[in-house]
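S.K.: Input: one structure, supplied below.
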Amino acid sequence: IKLEVTDDDGMTSIDSKTVEIIIGNIPPIADAGDDIITFEGNLVKLSAEGSSDPDGELVAYEWSENDIIFSVKKELEKSFSLGTHTITLKVEDNKGASSTDTIVVTISKKNLPPIADAGGDLTVSEGISVKFSGKDSTDIDGNITEYLWILPDGKQVKKSEFNASFPLGVYEIILNVTDDKGAVGMDTVTLTVEKSPSILEKLKSERGSEIKIILLTIVSLVCAAVIFIRAKNKRMY
């Protein structure tokens, strides 16, 4: 730095001084990532990849919970118990400065998917309306919040029960049930639609048993009559 002064006679004088400016160490920036929510039994990946140092380099990492260090790696995978865990990441640069960041790891109980029950396979005559029911579906650890039936023509029915009729043929009906945590269970039911029997066939079916009983009764009576007549004739002789 130079200083120049001038008096009223126009005489000047110059002096200079050297000033040394030492730039201080800027602390690093710790970045533990975003909060994590996962299920019990899943490994949680922890990463300090987003951490940085503006004027140097990072030389140390520490991961801890409740002031207990459990890792000194930059990245790791770890399992946690059920509940909420506050995890602290501490990073240190090559000049000894450090900083911290925290994330919250939430471990929830693993959700079991619901069990869909579309009922047993059905066989009906043409023109008969069929009732489909998914009310026997269950969810062990929650509640079923949605029923979705998928029909052979692609149409969907969002009810637990409904009635429908189909033309001749064999059809597969799909039932999807969703629980209150978003898990889905599936079941299918096969519907067979047969040709309706004719009036004569119906009569044969309905009256066949009655006719058999009548014929057996007549045969029994005839046999009894024959036995009676033979016995009577023997007494006469």
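Residues in the structure tokens are numbered from 1 in each chain, the chains being A, B, ... in the order shown, and ligands are numbered from 1 in the order shown.
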Write out as a PyMOL selection string which residues come within 10 Å of Ile14 (chain A) when counting only C-alpha atoms, dropping same-chain ones fewer than 6 positions away.

M.R.: chain A and resi 2-6

S.K.: Show me, as a list in words, the residues that have an atom within 9 Å of Gly41 (chain A) when counting only C-alpha atoms, minus same-chain residues fewer than 2 positions from it.

M.R.: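 Listed by chain and then number, they are Thr38, Phe39, Leu43, Ser79, Phe80, Ser81, Ile107, Lys109 and Lys110 of chain A.
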
S.K.: Can you write out the residues you just picked, keeping N, CA, C and O atoms, as a CSV table (one decimal), in the first residue's frame?

M.R.:
chain,number,residue,atom,x,y,z
A,38,THR,N,-39.0,-46.4,5.5
A,38,THR,CA,-39.0,-47.7,4.9
A,38,THR,C,-39.6,-48.7,5.9
A,38,THR,O,-40.0,-48.4,7.0
A,39,PHE,N,-39.6,-50.0,5.5
A,39,PHE,CA,-40.2,-51.1,6.3
A,39,PHE,C,-39.2,-51.8,7.1
A,39,PHE,O,-38.0,-51.9,6.7
A,43,LEU,N,-32.7,-52.8,4.4
A,43,LEU,CA,-31.5,-52.1,4.7
A,43,LEU,C,-31.6,-50.6,4.2
A,43,LEU,O,-32.3,-50.3,3.2
A,79,SER,N,-29.4,-51.7,8.9
A,79,SER,CA,-30.7,-52.0,9.3
A,79,SER,C,-31.0,-51.3,10.7
A,79,SER,O,-30.1,-51.2,11.5
A,80,PHE,N,-32.3,-50.8,10.8
A,80,PHE,CA,-32.7,-50.1,12.1
A,80,PHE,C,-33.9,-50.8,12.6
A,80,PHE,O,-34.7,-51.5,11.9
A,81,SER,N,-34.1,-50.7,13.9
A,81,SER,CA,-35.3,-51.2,14.6
A,81,SER,C,-36.5,-50.4,14.3
A,81,SER,O,-36.4,-49.3,13.8
A,107,ILE,N,-38.7,-46.3,10.5
A,107,ILE,CA,-38.9,-47.7,10.2
A,107,ILE,C,-40.3,-48.2,10.6
A,107,ILE,O,-40.7,-48.1,11.8
A,109,LYS,N,-43.6,-51.1,10.5
A,109,LYS,CA,-43.9,-52.5,10.4
A,109,LYS,C,-44.2,-52.9,9.0
A,109,LYS,O,-45.0,-52.2,8.3
A,110,LYS,N,-43.6,-54.0,8.5
A,110,LYS,CA,-43.9,-54.4,7.1
A,110,LYS,C,-45.3,-54.7,6.9
A,110,LYS,O,-45.9,-55.5,7.7

S.K.: Write out as a list in words which residues come within 7 Å of Ser160 (chain A) when counting only C-alpha atoms, dropping same-chain ones fewer than 5 positions away.

M.R.: Ser133, Gly134, Lys135 and Tyr147 of chain A

S.K.: DSSP on the backbone: what in region 25-225 of chain A comes out helix (DSSP H, G or I), as a list in words?

M.R.: Ile199, Leu200, Glu201, Lys202, Leu203, Lys204, Ser205, Glu206, Arg207, Gly208, Ser209, Glu210, Ile211, Lys212, Ile213, Ile214, Leu215, Leu216, Thr217, Ile218, Val219, Ser220, Leu221, Val222, Cys223, Ala224 and Ala225 of chain A

S.K.: Output the selection as a CSV table (one decimal), in the first residue's frame - N, CA, C and O atoms for each residue.

M.R.:
chain,number,residue,atom,x,y,z
A,199,ILE,N,-87.7,-77.3,-22.6
A,199,ILE,CA,-88.8,-77.6,-21.7
A,199,ILE,C,-88.9,-79.1,-21.4
A,199,ILE,O,-89.1,-79.6,-20.3
A,200,LEU,N,-88.8,-79.9,-22.5
A,200,LEU,CA,-88.8,-81.4,-22.4
A,200,LEU,C,-87.7,-81.9,-21.5
A,200,LEU,O,-87.9,-82.7,-20.6
A,201,GLU,N,-86.5,-81.3,-21.7
A,201,GLU,CA,-85.4,-81.7,-20.8
A,201,GLU,C,-85.6,-81.4,-19.4
A,201,GLU,O,-85.3,-82.1,-18.4
A,202,LYS,N,-86.2,-80.2,-19.1
A,202,LYS,CA,-86.6,-79.8,-17.8
A,202,LYS,C,-87.6,-80.7,-17.1
A,202,LYS,O,-87.4,-81.1,-16.0
A,203,LEU,N,-88.6,-81.1,-18.0
A,203,LEU,CA,-89.6,-82.0,-17.4
A,203,LEU,C,-89.0,-83.4,-17.1
A,203,LEU,O,-89.3,-84.0,-16.1
A,204,LYS,N,-88.1,-83.8,-18.0
A,204,LYS,CA,-87.4,-85.1,-17.7
A,204,LYS,C,-86.6,-85.0,-16.5
A,204,LYS,O,-86.6,-85.9,-15.7
A,205,SER,N,-86.0,-83.9,-16.3
A,205,SER,CA,-85.1,-83.7,-15.1
A,205,SER,C,-85.9,-83.6,-13.9
A,205,SER,O,-85.6,-84.2,-12.8
A,206,GLU,N,-87.0,-82.9,-13.9
A,206,GLU,CA,-87.9,-82.6,-12.8
A,206,GLU,C,-88.7,-83.9,-12.4
A,206,GLU,O,-88.9,-84.2,-11.3
A,207,ARG,N,-89.2,-84.6,-13.5
A,207,ARG,CA,-90.2,-85.7,-13.3
A,207,ARG,C,-89.5,-87.0,-13.3
A,207,ARG,O,-90.2,-88.0,-13.0
A,208,GLY,N,-88.3,-87.1,-13.7
A,208,GLY,CA,-87.6,-88.4,-13.8
A,208,GLY,C,-87.6,-89.2,-12.5
A,208,GLY,O,-87.9,-90.4,-12.5
A,209,SER,N,-87.3,-88.5,-11.4
A,209,SER,CA,-87.3,-89.2,-10.1
A,209,SER,C,-88.7,-89.7,-9.7
A,209,SER,O,-88.9,-90.8,-9.2
A,210,GLU,N,-89.7,-88.8,-10.0
A,210,GLU,CA,-91.1,-89.2,-9.6
A,210,GLU,C,-91.5,-90.4,-10.4
A,210,GLU,O,-92.1,-91.4,-9.9
A,211,ILE,N,-91.2,-90.5,-11.7
A,211,ILE,CA,-91.6,-91.6,-12.6
A,211,ILE,C,-90.9,-92.9,-12.1
A,211,ILE,O,-91.5,-94.0,-12.1
A,212,LYS,N,-89.6,-92.8,-11.7
A,212,LYS,CA,-88.9,-94.0,-11.2
A,212,LYS,C,-89.6,-94.5,-10.0
A,212,LYS,O,-89.8,-95.7,-9.8
A,213,ILE,N,-90.0,-93.6,-9.1
A,213,ILE,CA,-90.7,-94.1,-7.9
A,213,ILE,C,-92.0,-94.8,-8.2
A,213,ILE,O,-92.3,-95.8,-7.6
A,214,ILE,N,-92.8,-94.2,-9.1
A,214,ILE,CA,-94.1,-94.8,-9.5
A,214,ILE,C,-93.9,-96.2,-10.1
A,214,ILE,O,-94.6,-97.1,-9.7
A,215,LEU,N,-92.9,-96.3,-11.0
A,215,LEU,CA,-92.6,-97.6,-11.6
A,215,LEU,C,-92.2,-98.6,-10.6
A,215,LEU,O,-92.7,-99.8,-10.6
A,216,LEU,N,-91.4,-98.2,-9.7
A,216,LEU,CA,-90.9,-99.2,-8.6
A,216,LEU,C,-92.1,-99.6,-7.7
A,216,LEU,O,-92.2,-100.8,-7.3
A,217,THR,N,-93.0,-98.6,-7.5
A,217,THR,CA,-94.2,-98.9,-6.7
A,217,THR,C,-95.1,-99.9,-7.4
A,217,THR,O,-95.6,-100.9,-6.8
A,218,ILE,N,-95.3,-99.7,-8.7
A,218,ILE,CA,-96.1,-100.6,-9.5
A,218,ILE,C,-95.5,-102.0,-9.5
A,218,ILE,O,-96.2,-103.0,-9.3
A,219,VAL,N,-94.2,-102.1,-9.7
A,219,VAL,CA,-93.6,-103.4,-9.8
A,219,VAL,C,-93.7,-104.1,-8.5
A,219,VAL,O,-94.0,-105.3,-8.4
A,220,SER,N,-93.5,-103.4,-7.4
A,220,SER,CA,-93.7,-104.0,-6.0
A,220,SER,C,-95.1,-104.5,-5.8
A,220,SER,O,-95.3,-105.6,-5.2
A,221,LEU,N,-96.1,-103.7,-6.3
A,221,LEU,CA,-97.5,-104.2,-6.1
A,221,LEU,C,-97.8,-105.4,-6.9
A,221,LEU,O,-98.5,-106.3,-6.4
A,222,VAL,N,-97.3,-105.5,-8.1
A,222,VAL,CA,-97.5,-106.6,-9.0
A,222,VAL,C,-96.9,-107.9,-8.4
A,222,VAL,O,-97.5,-109.0,-8.3
A,223,CYS,N,-95.6,-107.7,-7.9
A,223,CYS,CA,-94.9,-108.8,-7.2
A,223,CYS,C,-95.7,-109.3,-6.0
A,223,CYS,O,-95.9,-110.5,-5.8
A,224,ALA,N,-96.2,-108.4,-5.2
A,224,ALA,CA,-97.0,-108.8,-4.1
A,224,ALA,C,-98.3,-109.5,-4.4
A,224,ALA,O,-98.7,-110.5,-3.8
A,225,ALA,N,-98.9,-109.1,-5.5
A,225,ALA,CA,-100.1,-109.7,-6.0
A,225,ALA,C,-99.9,-111.1,-6.5
A,225,ALA,O,-100.6,-112.0,-6.2

S.K.: For a quick check of understanding, using only C-alpha atoms, which of A:Thr88, A:Ser125, A:Ser137, A:Ser13 has the smallest distance to Ser64 (chain A)?

M.R.: A:Thr88

S.K.: So, counting only C-alpha atoms, which residue among A:Ser51, A:Val44, A:Thr100, A:Ala60 is closest to Leu76 (chain A)?

M.R.: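 Nearest candidate to Leu76 (chain A) out of A:Ser51, A:Val44, A:Thr100, A:Ala60: A:Val44.
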
S.K.: Which distance in Å separates CA of Asp139 (chain A) and CA of Leu175 (chain A), to one decimal?

M.R.: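 If I compute the distance from CA of Asp139 (chain A) to CA of Leu175 (chain A), I get 14.5 Å.
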
S.K.: Skip Val177 (chain A) itself and residues of its chain fewer than 3 positions away, then list as number ranges by chain all residues within 8 Å of it, counting only C-alpha atoms.

M.R.: A: 114-116, 137, 144-148, 184-186

S.K.: Selection from above, C-alpha atoms, as an mmCIF file, in the first residue's frame, can you write it?

M.R.:
data_model
loop_
_atom_site.group_PDB
_atom_site.id
_atom_site.type_symbol
_atom_site.label_atom_id
_atom_site.label_comp_id
_atom_site.auth_asym_id
_atom_site.auth_seq_id
_atom_site.Cartn_x
_atom_site.Cartn_y
_atom_site.Cartn_z
ATOM 1 C CA PRO A 114 -54.557 -58.436 1.605
ATOM 2 C CA ILE A 115 -55.968 -61.828 0.623
ATOM 3 C CA ALA A 116 -58.487 -61.545 -2.217
ATOM 4 C CA SER A 137 -61.475 -61.096 1.231
ATOM 5 C CA ILE A 144 -59.427 -53.404 2.686
ATOM 6 C CA THR A 145 -60.251 -50.013 1.202
ATOM 7 C CA GLU A 146 -60.912 -50.830 -2.449
ATOM 8 C CA TYR A 147 -62.444 -53.631 -4.521
ATOM 9 C CA LEU A 148 -61.843 -53.757 -8.272
ATOM 10 C CA VAL A 184 -52.842 -55.332 -3.517
ATOM 11 C CA GLY A 185 -54.110 -58.917 -3.513
ATOM 12 C CA MET A 186 -55.637 -60.748 -6.492
#

S.K.: Which residues are near Ile29 (chain A)? Cut-off 12 Å, only C-alpha atoms, ignore same chain within fewer than 4 positions. Put them as a PyMOL selection string.

M.R.: chain A and resi 48-58+61+89-93+97-101

S.K.: Go ahead and write the residues just picked, all heavy atoms, as a compact mmCIF listing (two decimals), in the first residue's frame.

M.R.:
# COMPACT_ATOMS: atom_id res chain seq x y z
N ALA A 48 -22.98 -39.75 2.31
CA ALA A 48 -22.51 -38.37 2.48
C ALA A 48 -22.03 -37.80 1.15
O ALA A 48 -21.27 -36.82 1.12
CB ALA A 48 -21.39 -38.33 3.50
N GLU A 49 -22.47 -38.39 0.05
CA GLU A 49 -22.02 -38.01 -1.27
C GLU A 49 -22.26 -36.52 -1.56
O GLU A 49 -21.49 -35.88 -2.28
CB GLU A 49 -22.74 -38.86 -2.33
CG GLU A 49 -22.26 -38.64 -3.75
CD GLU A 49 -20.81 -39.09 -3.96
OE1 GLU A 49 -20.40 -40.07 -3.33
OE2 GLU A 49 -20.12 -38.44 -4.76
N GLY A 50 -23.33 -35.97 -0.99
CA GLY A 50 -23.65 -34.56 -1.27
C GLY A 50 -22.84 -33.57 -0.46
O GLY A 50 -22.95 -32.36 -0.67
N SER A 51 -22.02 -34.05 0.46
CA SER A 51 -21.20 -33.16 1.28
C SER A 51 -20.05 -32.58 0.45
O SER A 51 -19.59 -33.19 -0.53
CB SER A 51 -20.63 -33.92 2.49
OG SER A 51 -21.68 -34.48 3.26
N SER A 52 -19.55 -31.40 0.86
CA SER A 52 -18.48 -30.74 0.08
C SER A 52 -17.67 -29.81 0.97
O SER A 52 -18.06 -29.51 2.11
CB SER A 52 -19.08 -29.96 -1.08
OG SER A 52 -19.96 -28.95 -0.59
N ASP A 53 -16.52 -29.35 0.44
CA ASP A 53 -15.67 -28.38 1.13
C ASP A 53 -15.25 -27.32 0.12
O ASP A 53 -14.57 -27.65 -0.87
CB ASP A 53 -14.45 -29.06 1.73
CG ASP A 53 -13.65 -28.10 2.58
OD1 ASP A 53 -14.25 -27.36 3.37
OD2 ASP A 53 -12.41 -28.08 2.46
N PRO A 54 -15.65 -26.05 0.32
CA PRO A 54 -15.39 -25.00 -0.68
C PRO A 54 -13.91 -24.72 -0.93
O PRO A 54 -13.53 -24.33 -2.04
CB PRO A 54 -16.08 -23.77 -0.08
CG PRO A 54 -17.06 -24.31 0.90
CD PRO A 54 -16.44 -25.56 1.44
N ASP A 55 -13.07 -24.88 0.09
CA ASP A 55 -11.67 -24.48 -0.08
C ASP A 55 -10.69 -25.60 0.29
O ASP A 55 -9.54 -25.34 0.66
CB ASP A 55 -11.36 -23.25 0.77
CG ASP A 55 -11.58 -23.49 2.26
OD1 ASP A 55 -12.17 -24.54 2.61
OD2 ASP A 55 -11.18 -22.64 3.07
N GLY A 56 -11.12 -26.82 0.21
CA GLY A 56 -10.22 -27.92 0.53
C GLY A 56 -10.86 -29.25 0.18
O GLY A 56 -11.58 -29.36 -0.81
N GLU A 57 -10.62 -30.24 1.01
CA GLU A 57 -11.20 -31.54 0.76
C GLU A 57 -11.64 -32.19 2.07
O GLU A 57 -11.10 -31.88 3.14
CB GLU A 57 -10.21 -32.44 0.03
CG GLU A 57 -8.91 -32.68 0.79
CD GLU A 57 -7.94 -33.55 0.03
OE1 GLU A 57 -8.33 -34.08 -1.03
OE2 GLU A 57 -6.81 -33.74 0.50
N LEU A 58 -12.61 -33.08 1.96
CA LEU A 58 -13.10 -33.79 3.14
C LEU A 58 -12.20 -34.98 3.42
O LEU A 58 -11.83 -35.72 2.51
CB LEU A 58 -14.54 -34.26 2.91
CG LEU A 58 -15.56 -33.14 2.66
CD1 LEU A 58 -16.92 -33.74 2.32
CD2 LEU A 58 -15.68 -32.23 3.87
N TYR A 61 -15.42 -38.81 7.97
CA TYR A 61 -16.88 -38.88 8.05
C TYR A 61 -17.24 -39.65 9.32
O TYR A 61 -16.58 -40.62 9.67
CB TYR A 61 -17.46 -39.62 6.84
CG TYR A 61 -17.09 -39.02 5.51
CD1 TYR A 61 -15.90 -39.39 4.87
CD2 TYR A 61 -17.93 -38.11 4.88
CE1 TYR A 61 -15.57 -38.85 3.64
CE2 TYR A 61 -17.59 -37.56 3.65
CZ TYR A 61 -16.40 -37.93 3.03
OH TYR A 61 -16.07 -37.39 1.82
N LEU A 89 -24.70 -36.82 10.70
CA LEU A 89 -23.47 -36.97 9.90
C LEU A 89 -22.53 -35.81 10.24
O LEU A 89 -22.93 -34.64 10.18
CB LEU A 89 -23.79 -36.94 8.40
CG LEU A 89 -22.58 -36.76 7.47
CD1 LEU A 89 -21.64 -37.97 7.55
CD2 LEU A 89 -23.03 -36.49 6.04
N LYS A 90 -21.30 -36.12 10.58
CA LYS A 90 -20.26 -35.11 10.82
C LYS A 90 -19.16 -35.30 9.79
O LYS A 90 -18.66 -36.41 9.60
CB LYS A 90 -19.69 -35.24 12.23
CG LYS A 90 -18.59 -34.22 12.54
CD LYS A 90 -18.04 -34.44 13.95
CE LYS A 90 -16.91 -33.48 14.25
NZ LYS A 90 -16.33 -33.67 15.60
N VAL A 91 -18.79 -34.20 9.11
CA VAL A 91 -17.69 -34.26 8.14
C VAL A 91 -16.59 -33.29 8.57
O VAL A 91 -16.87 -32.24 9.17
CB VAL A 91 -18.17 -33.91 6.71
CG1 VAL A 91 -19.17 -34.95 6.22
CG2 VAL A 91 -18.79 -32.52 6.65
N GLU A 92 -15.35 -33.64 8.25
CA GLU A 92 -14.20 -32.80 8.62
C GLU A 92 -13.31 -32.60 7.40
O GLU A 92 -13.09 -33.55 6.62
CB GLU A 92 -13.41 -33.47 9.75
CG GLU A 92 -12.23 -32.66 10.26
CD GLU A 92 -11.51 -33.34 11.40
OE1 GLU A 92 -12.19 -34.01 12.21
OE2 GLU A 92 -10.27 -33.23 11.48
N ASP A 93 -12.80 -31.36 7.24
CA ASP A 93 -11.93 -31.10 6.10
C ASP A 93 -10.46 -31.25 6.46
O ASP A 93 -10.12 -31.58 7.60
CB ASP A 93 -12.23 -29.72 5.49
CG ASP A 93 -11.85 -28.57 6.40
OD1 ASP A 93 -11.14 -28.79 7.41
OD2 ASP A 93 -12.27 -27.42 6.11
N ALA A 97 -11.57 -28.20 10.16
CA ALA A 97 -12.91 -27.64 10.37
C ALA A 97 -13.95 -28.74 10.12
O ALA A 97 -13.73 -29.69 9.35
CB ALA A 97 -13.16 -26.47 9.43
N SER A 98 -15.08 -28.63 10.78
CA SER A 98 -16.12 -29.66 10.63
C SER A 98 -17.51 -29.02 10.63
O SER A 98 -17.69 -27.87 11.04
CB SER A 98 -16.02 -30.68 11.76
OG SER A 98 -16.27 -30.07 13.01
N SER A 99 -18.49 -29.82 10.19
CA SER A 99 -19.90 -29.41 10.24
C SER A 99 -20.76 -30.66 10.30
O SER A 99 -20.27 -31.77 10.02
CB SER A 99 -20.28 -28.55 9.04
OG SER A 99 -20.23 -29.31 7.85
N THR A 100 -22.02 -30.50 10.66
CA THR A 100 -22.92 -31.65 10.82
C THR A 100 -24.23 -31.43 10.07
O THR A 100 -24.61 -30.30 9.74
CB THR A 100 -23.23 -31.92 12.30
OG1 THR A 100 -23.89 -30.76 12.85
CG2 THR A 100 -21.98 -32.21 13.09
N ASP A 101 -24.89 -32.55 9.82
CA ASP A 101 -26.24 -32.54 9.23
C ASP A 101 -26.98 -33.74 9.80
O ASP A 101 -26.36 -34.74 10.17
CB ASP A 101 -26.16 -32.62 7.70
CG ASP A 101 -27.52 -32.45 7.04
OD1 ASP A 101 -28.38 -31.74 7.61
OD2 ASP A 101 -27.73 -33.03 5.95

S.K.: Select, from A:Thr102, A:Asn176, A:Pro28, A:Phe70, the residue with the minimum atom-to-atom distance to Lys159 (chain A), counting only C-alpha atoms.

M.R.: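 That would be A:Asn176, the residue with the smallest distance to Lys159 (chain A).
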
S.K.: Please give the complete set of residues from region 12-200 of chain A that DSSP, run on the backbone, assigns to strand (DSSP E), formatted as JSON, numbers by chain.

M.R.: {"A": [12, 13, 14, 15, 16, 36, 37, 38, 39, 44, 45, 46, 47, 58, 59, 60, 61, 62, 63, 64, 65, 68, 69, 70, 71, 75, 76, 77, 78, 83, 84, 85, 86, 87, 88, 89, 90, 91, 92, 93, 98, 99, 100, 101, 102, 103, 104, 105, 106, 107, 108, 122, 123, 124, 125, 130, 131, 132, 133, 144, 145, 146, 147, 148, 149, 150, 156, 157, 161, 162, 163, 164, 169, 170, 171, 172, 173, 174, 175, 176, 177, 178, 179, 184, 185, 186, 187, 188, 189, 190, 191, 192, 193, 194]}
